[in-house]
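K.L.:
Structure file entry-v4.cif, mmCIF, C-alpha atoms, is pasted below:
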```cif
data_entry
#
loop_
_atom_site.label_atom_id
_atom_site.label_comp_id
_atom_site.auth_asym_id
_atom_site.auth_seq_id
_atom_site.Cartn_x
_atom_site.Cartn_y
_atom_site.Cartn_z
CA MET W 246 96.23 129.06 119.90
CA SER W 247 94.35 130.83 122.70
CA ALA W 248 94.42 134.62 122.82
CA VAL W 249 96.10 136.67 125.54
CA THR W 250 94.59 139.90 126.88
CA PHE W 251 96.58 142.51 128.81
CA ILE W 252 95.23 145.22 131.13
CA ALA W 253 96.72 147.55 133.75
CA ASP W 254 96.02 150.64 135.82
CA LEU W 255 92.38 149.96 136.64
CA HIS W 256 92.79 151.65 140.06
CA LEU W 257 89.57 150.05 141.27
CA ARG W 258 88.02 151.64 144.34
CA PRO W 259 84.73 151.04 146.14
CA GLU W 260 83.45 154.57 145.61
CA ALA W 261 83.63 154.08 141.80
CA PRO W 262 81.74 150.82 141.10
CA ALA W 263 81.71 151.43 137.34
CA GLY W 264 85.31 150.22 137.14
CA MET W 265 84.47 146.93 138.82
CA GLU W 266 81.46 146.50 136.57
CA ALA W 267 83.70 147.08 133.54
CA LEU W 268 86.16 144.44 134.75
CA ALA W 269 83.31 141.96 135.26
CA ARG W 270 82.11 142.70 131.72
CA LEU W 271 85.55 142.08 130.25
CA LEU W 272 86.06 138.88 132.21
CA ALA W 273 82.64 137.56 131.17
CA ALA W 274 83.51 138.16 127.51
CA LEU W 275 86.73 136.13 127.60
CA PRO W 276 86.30 132.55 126.39
CA ALA W 277 87.55 129.56 128.34
CA GLY W 278 91.16 128.84 127.46
CA ASP W 279 92.09 132.49 127.00
CA ALA W 280 94.61 134.16 129.29
CA LEU W 281 94.31 137.53 131.01
CA TRP W 282 97.40 139.27 132.37
CA ILE W 283 96.76 142.13 134.84
CA LEU W 284 99.96 144.20 134.88
CA GLY W 285 99.55 146.04 138.16
CA ASP W 286 97.48 148.72 139.84
CA LEU W 287 94.37 146.61 139.63
CA PHE W 288 93.36 148.27 142.91
CA GLU W 289 93.78 151.81 144.16
CA PHE W 290 95.50 150.24 147.14
CA TRP W 291 95.88 146.79 148.66
CA ALA W 292 96.80 146.49 152.33
CA GLY W 293 97.41 142.77 152.69
CA ARG W 294 95.81 139.36 152.71
CA GLU W 295 92.84 140.34 154.87
CA HIS W 296 91.84 142.94 152.26
CA ALA W 297 90.20 140.17 150.24
CA ARG W 298 87.72 139.67 153.09
CA ARG W 299 86.57 143.28 153.11
CA PRO W 300 83.68 144.40 150.87
CA ASP W 301 85.85 147.05 149.11
CA TYR W 302 86.60 145.04 145.97
CA ARG W 303 84.18 142.14 146.31
CA PRO W 304 82.48 142.54 142.89
CA ALA W 305 85.87 142.50 141.15
CA LEU W 306 87.16 139.55 143.17
CA ASP W 307 83.97 137.57 142.55
CA ALA W 308 84.27 138.25 138.80
CA ILE W 309 87.88 137.02 138.80
CA ARG W 310 86.90 133.84 140.66
CA ALA W 311 84.03 133.19 138.23
CA ALA W 312 86.23 133.66 135.15
CA ALA W 313 88.96 131.43 136.55
CA ALA W 314 86.38 128.76 137.44
CA ARG W 315 85.18 128.53 133.84
CA GLY W 316 88.70 128.19 132.44
CA VAL W 317 90.10 131.68 131.87
CA GLU W 318 93.75 131.77 132.98
CA VAL W 319 94.04 134.91 135.10
CA ARG W 320 97.56 136.10 135.98
CA PHE W 321 98.55 139.11 138.08
CA LEU W 322 101.79 141.08 138.21
CA GLY W 323 101.87 143.69 141.00
CA GLY W 324 102.12 147.43 140.52
CA ASN W 325 103.05 150.24 142.85
CA ARG W 326 99.56 150.20 144.40
CA ASP W 327 99.02 146.48 144.90
CA PHE W 328 102.41 144.77 145.27
CA LEU W 329 101.16 143.23 148.56
CA LEU W 330 98.71 140.97 146.71
CA ASP W 331 100.40 137.72 147.68
CA ALA W 332 100.54 134.31 146.01
CA GLY W 333 98.17 132.75 148.57
CA THR W 334 95.46 135.31 147.86
CA GLN W 335 95.97 134.87 144.14
CA ARG W 336 95.39 131.13 144.52
CA GLU W 337 92.23 131.77 146.55
CA LEU W 338 90.96 133.91 143.66
CA GLY W 339 91.67 131.14 141.16
CA MET W 340 94.67 132.89 139.64
CA LYS W 341 97.89 131.15 138.74
CA PRO W 342 100.17 132.84 141.28
CA PHE W 343 103.06 135.07 140.30
CA THR W 344 104.93 137.40 142.65
CA GLY W 345 107.84 138.87 140.65
CA ARG W 346 107.93 142.38 139.23
CA GLU W 347 108.64 141.26 135.64
CA THR W 348 108.52 138.17 133.47
CA VAL W 349 108.84 136.95 129.89
CA LEU W 350 105.87 135.32 128.19
CA GLU W 351 106.16 133.06 125.15
CA ALA W 352 102.90 133.23 123.20
CA GLN W 353 101.88 132.81 119.55
CA GLY W 354 105.44 132.82 118.29
CA ARG W 355 106.34 136.01 120.15
CA ARG W 356 108.62 136.54 123.13
CA ILE W 357 107.03 139.25 125.29
CA TYR W 358 108.40 141.14 128.29
CA LEU W 359 105.77 142.01 130.92
CA ALA W 360 106.08 144.48 133.80
CA HIS W 361 104.07 147.18 135.50
CA GLY W 362 106.81 149.56 134.35
CA ASP W 363 107.26 151.85 137.37
CA PHE W 364 110.98 151.06 137.67
CA LEU W 365 111.54 152.00 134.00
CA CYS W 366 110.97 155.70 134.79
CA PRO W 367 114.30 156.76 136.40
CA ASN W 368 113.32 160.45 136.63
CA ASP W 369 110.61 159.68 139.20
CA ARG W 370 113.24 159.70 141.93
CA ALA W 371 110.96 160.32 144.91
CA TYR W 372 108.80 157.35 144.01
CA LEU W 373 111.77 155.08 143.34
CA ARG W 374 113.26 155.93 146.74
CA ALA W 375 109.95 155.12 148.43
CA ALA W 376 109.58 151.89 146.44
CA ALA W 377 113.09 150.77 147.36
CA LEU W 378 112.19 151.24 151.02
CA LEU W 379 108.74 149.64 150.91
CA ARG W 380 109.60 146.71 148.67
CA ASN W 381 112.89 145.50 150.13
CA PRO W 382 112.71 142.04 151.75
CA VAL W 383 112.83 143.33 155.33
CA SER W 384 110.05 145.87 154.75
CA LEU W 385 107.91 143.29 152.99
CA TRP W 386 108.36 140.87 155.89
CA ILE W 387 107.17 143.55 158.31
CA GLU W 388 104.32 144.82 156.09
CA ARG W 389 102.88 141.33 155.69
CA ARG W 390 102.84 140.80 159.46
CA LEU W 391 101.28 144.07 160.55
CA PRO W 392 97.83 143.80 162.13
CA PHE W 393 95.47 144.35 159.23
CA PRO W 394 93.66 147.41 160.69
CA LEU W 395 97.03 149.16 161.05
CA ALA W 396 98.17 148.10 157.57
CA TYR W 397 94.88 149.29 156.09
CA ARG W 398 95.11 152.72 157.74
CA ALA W 399 98.73 153.11 156.59
CA ALA W 400 97.90 152.16 152.99
CA ALA W 401 94.90 154.50 152.96
CA ALA W 402 97.09 157.31 154.30
CA PHE W 403 99.64 156.76 151.53
CA ARG W 404 96.79 156.93 149.02
CA ARG W 405 95.63 160.27 150.46
CA LEU W 406 99.17 161.64 150.33
CA SER W 407 99.45 160.60 146.69
CA GLU W 408 96.16 162.29 145.84
CA ALA W 409 97.21 165.45 147.67
CA LYS W 410 100.46 165.51 145.71
CA ARG W 411 98.58 165.18 142.42
CA GLY W 412 96.27 167.97 143.50
CA LYS W 413 99.17 170.39 143.73
CA GLY W 414 99.64 170.33 139.97
CA PRO W 415 101.40 168.29 137.32
CA ALA W 416 104.73 166.65 138.05
CA PRO W 417 107.86 168.18 136.50
CA ALA W 418 108.29 167.37 132.82
CA GLY W 419 109.87 163.98 132.29
CA THR W 420 109.01 162.55 135.71
CA TYR W 421 106.96 159.70 134.24
CA GLU W 422 109.02 159.37 131.06
CA LEU W 423 110.21 155.89 130.20
CA SER W 424 113.95 155.48 129.73
CA GLU W 425 114.62 154.44 126.14
CA ALA W 426 118.05 153.14 127.19
CA MET W 427 116.47 150.92 129.86
CA LEU W 428 113.86 149.63 127.41
CA ALA W 429 116.55 148.79 124.87
CA GLU W 430 118.68 147.08 127.52
CA VAL W 431 115.74 144.91 128.60
CA ALA W 432 114.88 144.04 124.99
CA ASP W 433 118.45 143.05 124.15
CA ARG W 434 119.21 141.23 127.40
CA LEU W 435 116.06 139.10 127.23
CA GLY W 436 115.81 138.84 123.45
CA VAL W 437 112.16 139.88 123.34
CA ASP W 438 110.00 140.93 120.42
CA ASP W 439 107.65 143.09 122.49
CA LEU W 440 107.53 144.93 125.82
CA VAL W 441 104.07 145.33 127.39
CA ILE W 442 103.83 147.65 130.41
CA GLY W 443 101.45 149.97 132.21
CA HIS W 444 102.04 152.67 134.83
CA VAL W 445 102.70 155.73 132.68
CA HIS W 446 99.05 156.09 131.54
CA THR W 447 100.08 157.12 128.01
CA PRO W 448 99.09 154.33 125.61
CA VAL W 449 101.40 153.84 122.67
CA ASP W 450 102.58 151.18 120.22
CA ARG W 451 105.98 152.01 118.76
CA PRO W 452 109.45 150.57 118.09
CA VAL W 453 112.07 150.67 120.83
CA ALA W 454 115.07 152.69 119.67
CA GLY W 455 118.63 151.38 119.84
CA THR W 456 117.95 147.63 120.01
CA ALA W 457 120.09 144.96 118.38
CA LYS W 458 116.98 143.46 116.76
CA PRO W 459 113.54 145.05 116.27
CA ALA W 460 111.38 145.24 119.41
CA ALA W 461 108.08 147.03 119.98
CA LEU W 462 106.81 148.86 123.06
CA HIS W 463 103.13 148.61 124.01
CA VAL W 464 101.98 150.84 126.88
CA LEU W 465 98.55 149.89 128.17
CA ASP W 466 95.60 152.24 128.50
CA PRO W 467 94.56 153.31 132.00
CA TRP W 468 90.92 152.74 132.91
CA HIS W 469 88.49 155.61 133.49
CA GLY W 470 84.85 155.30 134.52
CA ASP W 471 83.13 152.41 132.78
CA ARG W 472 85.69 152.03 129.98
CA ALA W 473 87.52 148.69 129.87
CA PRO W 474 90.40 149.17 127.39
CA PHE W 475 92.68 146.24 126.71
CA LEU W 476 95.48 145.03 124.47
CA ARG W 477 94.91 141.62 122.89
CA LEU W 478 97.32 139.22 121.23
CA GLU W 479 95.44 137.05 118.77
CA ASP W 480 96.62 135.20 115.65
CA GLY W 481 100.12 136.53 116.27
CA ALA W 482 99.16 140.22 116.20
CA PHE W 483 98.34 142.85 118.82
CA ARG W 484 95.18 144.96 118.71
CA ARG W 485 93.52 147.40 121.08
CA ALA W 486 89.84 147.36 121.99
CA SER W 487 87.42 148.06 124.84
CA ALA W 488 84.84 145.84 126.50
#
```
What would the structure in this file look like if it were written as structure tokens?
P.N.:
Amino acid sequence: MSAVTFIADLHLRPEAPAGMEALARLLAALPAGDALWILGDLFEFWAGREHARRPDYRPALDAIRAAAARGVEVRFLGGNRDFLLDAGTQRELGMKPFTGRETVLEAQGRRIYLAHGDFLCPNDRAYLRAAALLRNPVSLWIERRLPFPLAYRAAAAFRRLSEAKRGKGPAPAGTYELSEAMLAEVADRLGVDDLVIGHVHTPVDRPVAGTAKPAALHVLDPWHGDRAPFLRLEDGAFRRASA
């Protein structure tokens, strides 16, 4: 059975081309028939459909198209930075479109929960309030109809605000901590064997506590520089590697 590779938190940006080169390297190494799931924050920010026509991410988008054209199944699940990457754009890139914030994948005898993971950190209250505002149906309808230059400036401004906030020092302890109770609830409700998420930038493979049946949590590595870390499901087992 074909292997499945999972990545997240690439935070690609035009001023750091090494990240896009690393993605192209990973995509080129995947054989036809394999699947790649990108679990959010592929881009540092995504302002809407017209963003695909800008040069910002062109090397990464071209690499995705090339991989899809030779038979790699590329799937995308939006994060807090790129939830505006719509199904139409995904199709144009050769991806199989998906627009929800979570899903369950059946692969190699395992039932796997996939999500970016931002909504599994209940202590990050400021972010969750902002996300509830930006991602409700009315806001999404408006955001997708803004003139692109305005949408781009707004998204870039949010990025600068986020960077300024990070520059003021670390967040309070526990802000980005996953809720074990929420993880266990998801595992039990959906009957999954594994939960694969990104967002928290602290890679780990461990059991989820308090579940009715055993379930494992896999938090994906964030990307830095020219590193291309990934989690791969092959022959029924997970392993970590870098391209």
K.L.:
Considering all atoms listed in the file, state which residue in the set W:Val319, W:Leu275, W:Val249, W:Glu351 is at the smallest distance from Arg484 of chain W.
P.N.:
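With all atoms listed in the file as the atom set, the closest residue is W:Val249.
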K.L.:
Take the PyMOL selection byres ((chain W and resi 291-301) around 6), apply it to the structure above, and return the hits as a list of chain:residue names.
P.N.:
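So the PyMOL selection byres ((chain W and resi 291-301) around 6), applied here, picks out W:Pro259, W:Phe290, W:Tyr302, W:Arg303, W:Asp327, W:Leu329, W:Ala396, W:Tyr397, W:Ala400.
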K.L.:
Which residues fall under the PyMOL selection byres ((chain W and resi 276) around 9) in this file, as number ranges by chain?
P.N.:
W: 272-275, 277-280, 312, 315-317
K.L.:
So, with only C-alpha atoms as the atoms that count, which of W:Leu350, W:Leu271, W:Phe403, W:Leu391 lies closest to Leu478 of chain W?
P.N.:
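Going through W:Leu350, W:Leu271, W:Phe403, W:Leu391 one by one, the smallest distance to Leu478 of chain W is for W:Leu350.
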K.L.:
Can you list, as a JSON list (two decimals) with C-alpha atoms, in the frame of the given file, the residues that the PyMOL selection byres ((chain W and resi 467) around 8) selects here?
P.N.:
```json
[["chain", "number", "residue", "atom", "x", "y", "z"],
["W", 253, "ALA", "CA", 96.72, 147.55, 133.75],
["W", 254, "ASP", "CA", 96.02, 150.64, 135.82],
["W", 255, "LEU", "CA", 92.38, 149.96, 136.64],
["W", 443, "GLY", "CA", 101.45, 149.97, 132.21],
["W", 446, "HIS", "CA", 99.05, 156.09, 131.54],
["W", 447, "THR", "CA", 100.08, 157.12, 128.01],
["W", 448, "PRO", "CA", 99.09, 154.33, 125.61],
["W", 465, "LEU", "CA", 98.55, 149.89, 128.17],
["W", 466, "ASP", "CA", 95.60, 152.24, 128.50],
["W", 468, "TRP", "CA", 90.92, 152.74, 132.91],
["W", 469, "HIS", "CA", 88.49, 155.61, 133.49],
["W", 474, "PRO", "CA", 90.40, 149.17, 127.39]]
```
